[in-house]
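What follows is a single structure, written as structure tokens, with notes after it.
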Amino acid sequence: MTPSYWQKIGVIALNTFRETVRDKLLYSLIAFAGLVIAASLLAGSVSLGQDVRVINDFGLTAMLVFLLIITLFVGTQLVFREIERKTIYLALTKPISRDQFYLGKYLGLCLTILVAAVMMAVLFLGVLYFKTKGVSVSAVWAIGFLVLEAWLLTAVGLLFSSFASPISSAVYTFCLALIGHSSTSIWTIAQKSPVALKGILEFVYYVFPNLEKFNLRNEVVFNFRPDAVQVIAVLGYFLGYTLVVLFLGGLIFRRDEF
Amino acid sequence: MNFKSVRLIDIAPFFILLILGTVIYISQLNYDTWRWNSPGKIQTTYNEYIEPEPLSAQATRYASFGATEFTADLYWLKLIQYYGGGDPSGQYRKLAELFNTVTDLSPKFLPAYQTGLLILPGEGFTDQALALSQKGKKNLPDSWEIPYYTGLVKHIYKKDYVAAAEEFNAASKLPGAPEITKYFAALYYNQADQRQVAYALFQTIYQTSTDTYVKDRAQKYLGHLDGEFALEDAVSTFHQKFGRNPATLAELVDKKILSALPTSPLGFEYKYDAQTGQIDPGK
């Protein structure tokens with residue numbers, strides 16, 4: 001029986017997941033994230049009674065940083081490594097389109113990021129439970145949005161890796177992440193700027209990914225939970241932006257000569 | 001093992017490593033001896049006090065890339081180390097700035113406003129504390145703690161009892177305010193004895209606060225005021241007995257009015273005016 005379109009993508013995705021999960025760098029990064037999350041207990045002990053706040057902020061920021069590092073160092077090398085090792089020829093000689101290959105790679109890396117996020121989240125929520133004897137639903141929401149942000153950046157990293165070297169892709173993705181998290185500042189500066197500069201800054205604000213939409217970390221300490229409208233809006237933005245980026249990446253990958 | 005087949009070239013790396021290790025050890029010993037026993041050519045000072053130079057809140061916000069609460073936590077920890085570590089000059093010039101940065105980055109960080117209102121006036125930054133209070137009232141309009149603590153500051157440091165009464169009155173109308181807040185507002189408006197009221201205020205803070213530092217601080221103020229009351233009562237007793245005020249506080253001990261002079265848990269020195277017989281709480 002011929003596998004369906006999505007089954008082929010699933011096979012590539014699972015294979016990519018197995019390949020990335022074997023990467024020792026991934027476990028080092030998760031271990032370091034664990035150390036930072038555990039160290040937040042120490043920082044919390046000298047915070048004059050604000051230990052829960054410090055654990056929340058340090059833990060979630062550590063998760064963001066390490067998920068970003070995983071995206072940068074693992075994700076941007078995916079396609080490049082296949083091309084360098086010439087294993088891509090083996091894959092593309094099979095009855096599989098370049099689009100399916102590209103999408104499979106993306107979904108496989110998303111699965112890896114999800115597993116890494118779950119491992120870090122278990123440790124973080126465990127530390128939080130140790131302190132508060134409860135589970136913070138706001139923190140779980142923040143982690144969920146964090147994973148969406150990492151998936152969006154993965155799509156961006158994959159786009160860059162389809163035409164640039166791994167180092168360049170990592171740098172471009174990192175810069176985009178910084179711009180994405182500065183979106184609020186960009187908008188504020190734009191409103192105070194002359195017309196020409198305002199136009200440029202507003203263009204940057206709308207075209208570059210607005211990662212602050214996924215930022216619930218600042219609200220966790222106040223037990224904020226997003227309402228339905230916010231969740232739908234963020235999901236819609238994530239799906240729309242990711243699909244556009246994947247489409248562009250797929251277009252470039254289709255035209256690549258290896 | 002056949003030692004005849006072992007060549008010098010096989011064991012040479014081992015001996016080279018051993019010699020190098022010995023050289024490193026001896027040179028390290030010599031260096032340590034030189035450093036501890038002579039002034040050395042390079043003057044260095046250890047444990048040099050470096051005053052924090054916080055970025056402006058605006059700049060910090062831009063540099064935080066969305067992690068404003070995390071950055072506020074970093075500045076909060078820095079503030080604790082700065083104040084807790086001690087400023088050799090005793091001036092804590094950057095204290096108000098640090099509180100401002102923390103609360104600009106995290107406008108709803110209530111304990112920062114509370115701690116600022118407790119600490120800043122005691123270090124001579126009363127106006128900055130009141131400015132912090134204004135910011136706190138704007139960002140946390142439902143917090144009874146901020147006007148309550150502001151009332152304390154206006155009473156003790158500004159001696160503006162009407163303004164203090166207004167603060168307590170405002171606090172008493174906010175959700176969660178202790179019952180006694182209304183009582184304090186009434187007391188001030190009726191121009192009751194201020195130190196007694198301050199004592200009751202600190203007692204309320206000690207009883208209601210869940211923050212260990214704030215509780216500890218309130219307890220110390222209670223101990224300080226106990227000392228003041230004890231000295232005032234002793235001066236009054238001395239005057240009744242000898243028809244004059246004591247020349248110094250030590251005379252209270254000499255004449256057996258007190259067994260020992262009280263010491264302030266806050267580290268303040270009680271000052272005494274022999275002319276008027278008044279005790280100044282000091283700083």
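As shown in the structure tokens, the chain order sets the letters A, B, ...; within each chain, residues go from 1, and ligands are also counted from 1 in the order they appear.
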| message | Taking only C-alpha atoms into account and nothing else, which residues of chain A lie no more than 7 Å away from chain B? Please answer as a ChimeraX atom specification. | response | /A:47-49,54,57-58,178,181-182,185,212,218
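Ranking A:Tyr172, A:Phe124, A:Phe66, A:Phe203 by their shortest atom-to-atom distance to Ala39 (chain A), with only C-alpha atoms included, puts A:Phe124 first.
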| message | Could you go through region 135-219 of chain B and tell me which residues DSSP, when run on the backbone, assigns to helix (DSSP H, G or I), listing them as a ChimeraX atom specification? | response | /B:135-139,145-156,161-172,180-189,194-208,212-219
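Counting only C-alpha atoms, the residue from A:Gly10, A:Gly126, A:Gly180, A:Gly44 that sits nearest to Leu211 (chain A) is A:Gly180.
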| field | Residues near region 267-279 of chain B, cut-off 12 Å, only C-alpha atoms, skip fewer than 4 positions along chain, as a ChimeraX atom specification | value | /B:122-123,195,217,220-221,223-239,244-252,261-263,283
| query | Which residues come within 9 Å of Val153 (chain B), counting only C-alpha atoms, excluding same-chain residues fewer than 6 positions away, as a PyMOL selection string? | reply | chain B and resi 117-118+121+126+129-130+159+164
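Residues surrounding region 32-36 of chain A within 7 Å are Ser28, Leu29, Ala39, Ser40, Ala62, Met63, Phe66, Met120 and Leu123 of chain A [only C-alpha atoms; sequence separation below 3 positions excluded].
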Would you save the residues of that selection, restricted to N, CA and C atoms, as an mmCIF file, in the first residue's frame?
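File written: out15.cif
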data_model
loop_
_atom_site.group_PDB
_atom_site.id
_atom_site.type_symbol
_atom_site.label_atom_id
_atom_site.label_comp_id
_atom_site.auth_asym_id
_atom_site.auth_seq_id
_atom_site.Cartn_x
_atom_site.Cartn_y
_atom_site.Cartn_z
ATOM 1 N N SER A 28 23.360 18.182 26.777
ATOM 2 C CA SER A 28 24.165 19.161 27.520
ATOM 3 C C SER A 28 23.340 20.409 27.789
ATOM 4 N N LEU A 29 22.621 20.854 26.773
ATOM 5 C CA LEU A 29 21.821 22.062 26.927
ATOM 6 C C LEU A 29 20.706 21.839 27.935
ATOM 7 N N ALA A 39 19.454 26.430 40.223
ATOM 8 C CA ALA A 39 20.171 27.553 40.840
ATOM 9 C C ALA A 39 19.225 28.688 41.203
ATOM 10 N N SER A 40 18.068 28.720 40.578
ATOM 11 C CA SER A 40 17.110 29.782 40.915
ATOM 12 C C SER A 40 16.647 29.637 42.361
ATOM 13 N N ALA A 62 15.311 30.895 31.606
ATOM 14 C CA ALA A 62 16.282 29.851 31.262
ATOM 15 C C ALA A 62 15.715 28.936 30.184
ATOM 16 N N MET A 63 14.440 28.586 30.319
ATOM 17 C CA MET A 63 13.814 27.716 29.311
ATOM 18 C C MET A 63 13.817 28.396 27.950
ATOM 19 N N PHE A 66 17.471 28.445 26.544
ATOM 20 C CA PHE A 66 17.992 27.140 26.097
ATOM 21 C C PHE A 66 17.211 26.570 24.921
ATOM 22 N N MET A 120 12.467 20.133 30.518
ATOM 23 C CA MET A 120 12.781 21.329 31.315
ATOM 24 C C MET A 120 11.582 21.743 32.149
ATOM 25 N N LEU A 123 11.195 19.707 35.317
ATOM 26 C CA LEU A 123 12.141 20.144 36.348
ATOM 27 C C LEU A 123 11.705 21.471 36.961
#
Could you list, as a short mmCIF file (atom, residue, chain, number, x, y, z; two decimals) with N, CA and C atoms, in the first residue's frame, every residue within 12 Å of Lys154 (chain B), counting only C-alpha atoms and ignoring same-chain residues fewer than 3 positions away?
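Final output, saved to result.cif:
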data_model
loop_
_atom_site.label_atom_id
_atom_site.label_comp_id
_atom_site.auth_asym_id
_atom_site.auth_seq_id
_atom_site.Cartn_x
_atom_site.Cartn_y
_atom_site.Cartn_z
N LEU B 117 9.40 52.13 50.92
CA LEU B 117 8.78 53.06 51.87
C LEU B 117 9.30 52.85 53.28
N LEU B 118 9.76 51.63 53.58
CA LEU B 118 10.32 51.37 54.92
C LEU B 118 11.77 51.82 55.02
N PRO B 121 13.19 56.40 53.74
CA PRO B 121 13.17 57.55 54.66
C PRO B 121 14.22 57.43 55.75
N THR B 126 13.50 60.75 52.08
CA THR B 126 12.06 60.79 52.34
C THR B 126 11.28 61.22 51.10
N ASP B 127 11.78 62.25 50.42
CA ASP B 127 11.06 62.74 49.23
C ASP B 127 11.03 61.67 48.14
N ALA B 129 11.07 58.51 48.68
CA ALA B 129 10.11 57.49 49.14
C ALA B 129 8.69 57.91 48.79
N LEU B 130 8.41 59.20 48.97
CA LEU B 130 7.05 59.68 48.67
C LEU B 130 6.79 59.64 47.17
N SER B 133 5.98 56.22 46.39
CA SER B 133 4.61 55.95 46.83
C SER B 133 3.60 56.42 45.79
N PRO B 147 -0.71 53.35 50.63
CA PRO B 147 -1.07 54.55 51.41
C PRO B 147 -0.83 54.36 52.91
N TYR B 148 -0.96 53.14 53.40
CA TYR B 148 -0.73 52.87 54.83
C TYR B 148 0.72 53.18 55.19
N TYR B 149 1.65 52.64 54.40
CA TYR B 149 3.07 52.86 54.67
C TYR B 149 3.43 54.33 54.42
N THR B 150 2.75 54.94 53.44
CA THR B 150 2.99 56.36 53.16
C THR B 150 2.57 57.20 54.36
N GLY B 151 1.47 56.82 54.97
CA GLY B 151 1.00 57.52 56.17
C GLY B 151 2.06 57.47 57.26
N TYR B 157 8.49 61.03 59.50
CA TYR B 157 9.59 61.79 58.92
C TYR B 157 9.19 63.20 58.49
N LYS B 158 7.97 63.38 58.06
CA LYS B 158 7.53 64.72 57.65
C LYS B 158 6.80 65.44 58.78
N LYS B 159 6.43 64.70 59.81
CA LYS B 159 5.67 65.24 60.95
C LYS B 159 4.40 65.95 60.46
N ASP B 160 3.86 65.49 59.32
CA ASP B 160 2.66 66.10 58.77
C ASP B 160 1.50 65.17 59.11
N TYR B 161 0.90 65.44 60.27
CA TYR B 161 -0.06 64.49 60.82
C TYR B 161 -1.39 64.52 60.06
N VAL B 162 -1.72 65.67 59.52
CA VAL B 162 -2.98 65.74 58.74
C VAL B 162 -2.82 64.92 57.46
N ALA B 163 -1.67 65.07 56.78
CA ALA B 163 -1.42 64.29 55.55
C ALA B 163 -1.38 62.81 55.87
N ALA B 164 -0.80 62.46 57.02
CA ALA B 164 -0.73 61.05 57.42
C ALA B 164 -2.15 60.52 57.64
N ALA B 165 -2.98 61.32 58.28
CA ALA B 165 -4.37 60.91 58.53
C ALA B 165 -5.09 60.67 57.21
N GLU B 166 -4.83 61.53 56.23
CA GLU B 166 -5.47 61.37 54.91
C GLU B 166 -5.04 60.06 54.26
N GLU B 167 -3.77 59.73 54.41
CA GLU B 167 -3.26 58.47 53.83
C GLU B 167 -3.95 57.27 54.49
N PHE B 168 -4.04 57.32 55.82
CA PHE B 168 -4.68 56.19 56.52
C PHE B 168 -6.15 56.10 56.17
N TYR B 188 -5.43 60.36 64.23
CA TYR B 188 -4.67 61.49 63.70
C TYR B 188 -5.54 62.72 63.58
N GLN B 194 1.45 61.15 69.09
CA GLN B 194 1.99 60.58 67.86
C GLN B 194 2.86 59.34 68.07
N ALA B 198 2.42 55.70 66.45
CA ALA B 198 3.46 55.05 65.64
C ALA B 198 3.70 53.64 66.14
#
| task | Extract, using only C-alpha atoms, all DNA, RNA and protein residues at most 12 Å from Gln91 (chain B), discarding same-chain residues fewer than 6 positions from it, and format them as number ranges by chain. | result | B: 51, 82-83, 120, 122-125
| Suppose you want the space between CA of Arg18 (chain A) and CA of Thr71 (chain A); what is it in Å? | 15.9 Å
| request: Using CA of Ala117 (chain A) and CA of Tyr237 (chain A) as the two end points, give the distance in Å to one decimal. | output: 21.0 Å
| query | Just how far from CA of Val118 (chain A) is CA of Leu64 (chain A), in Å to one decimal? | reply | 12.5 Å
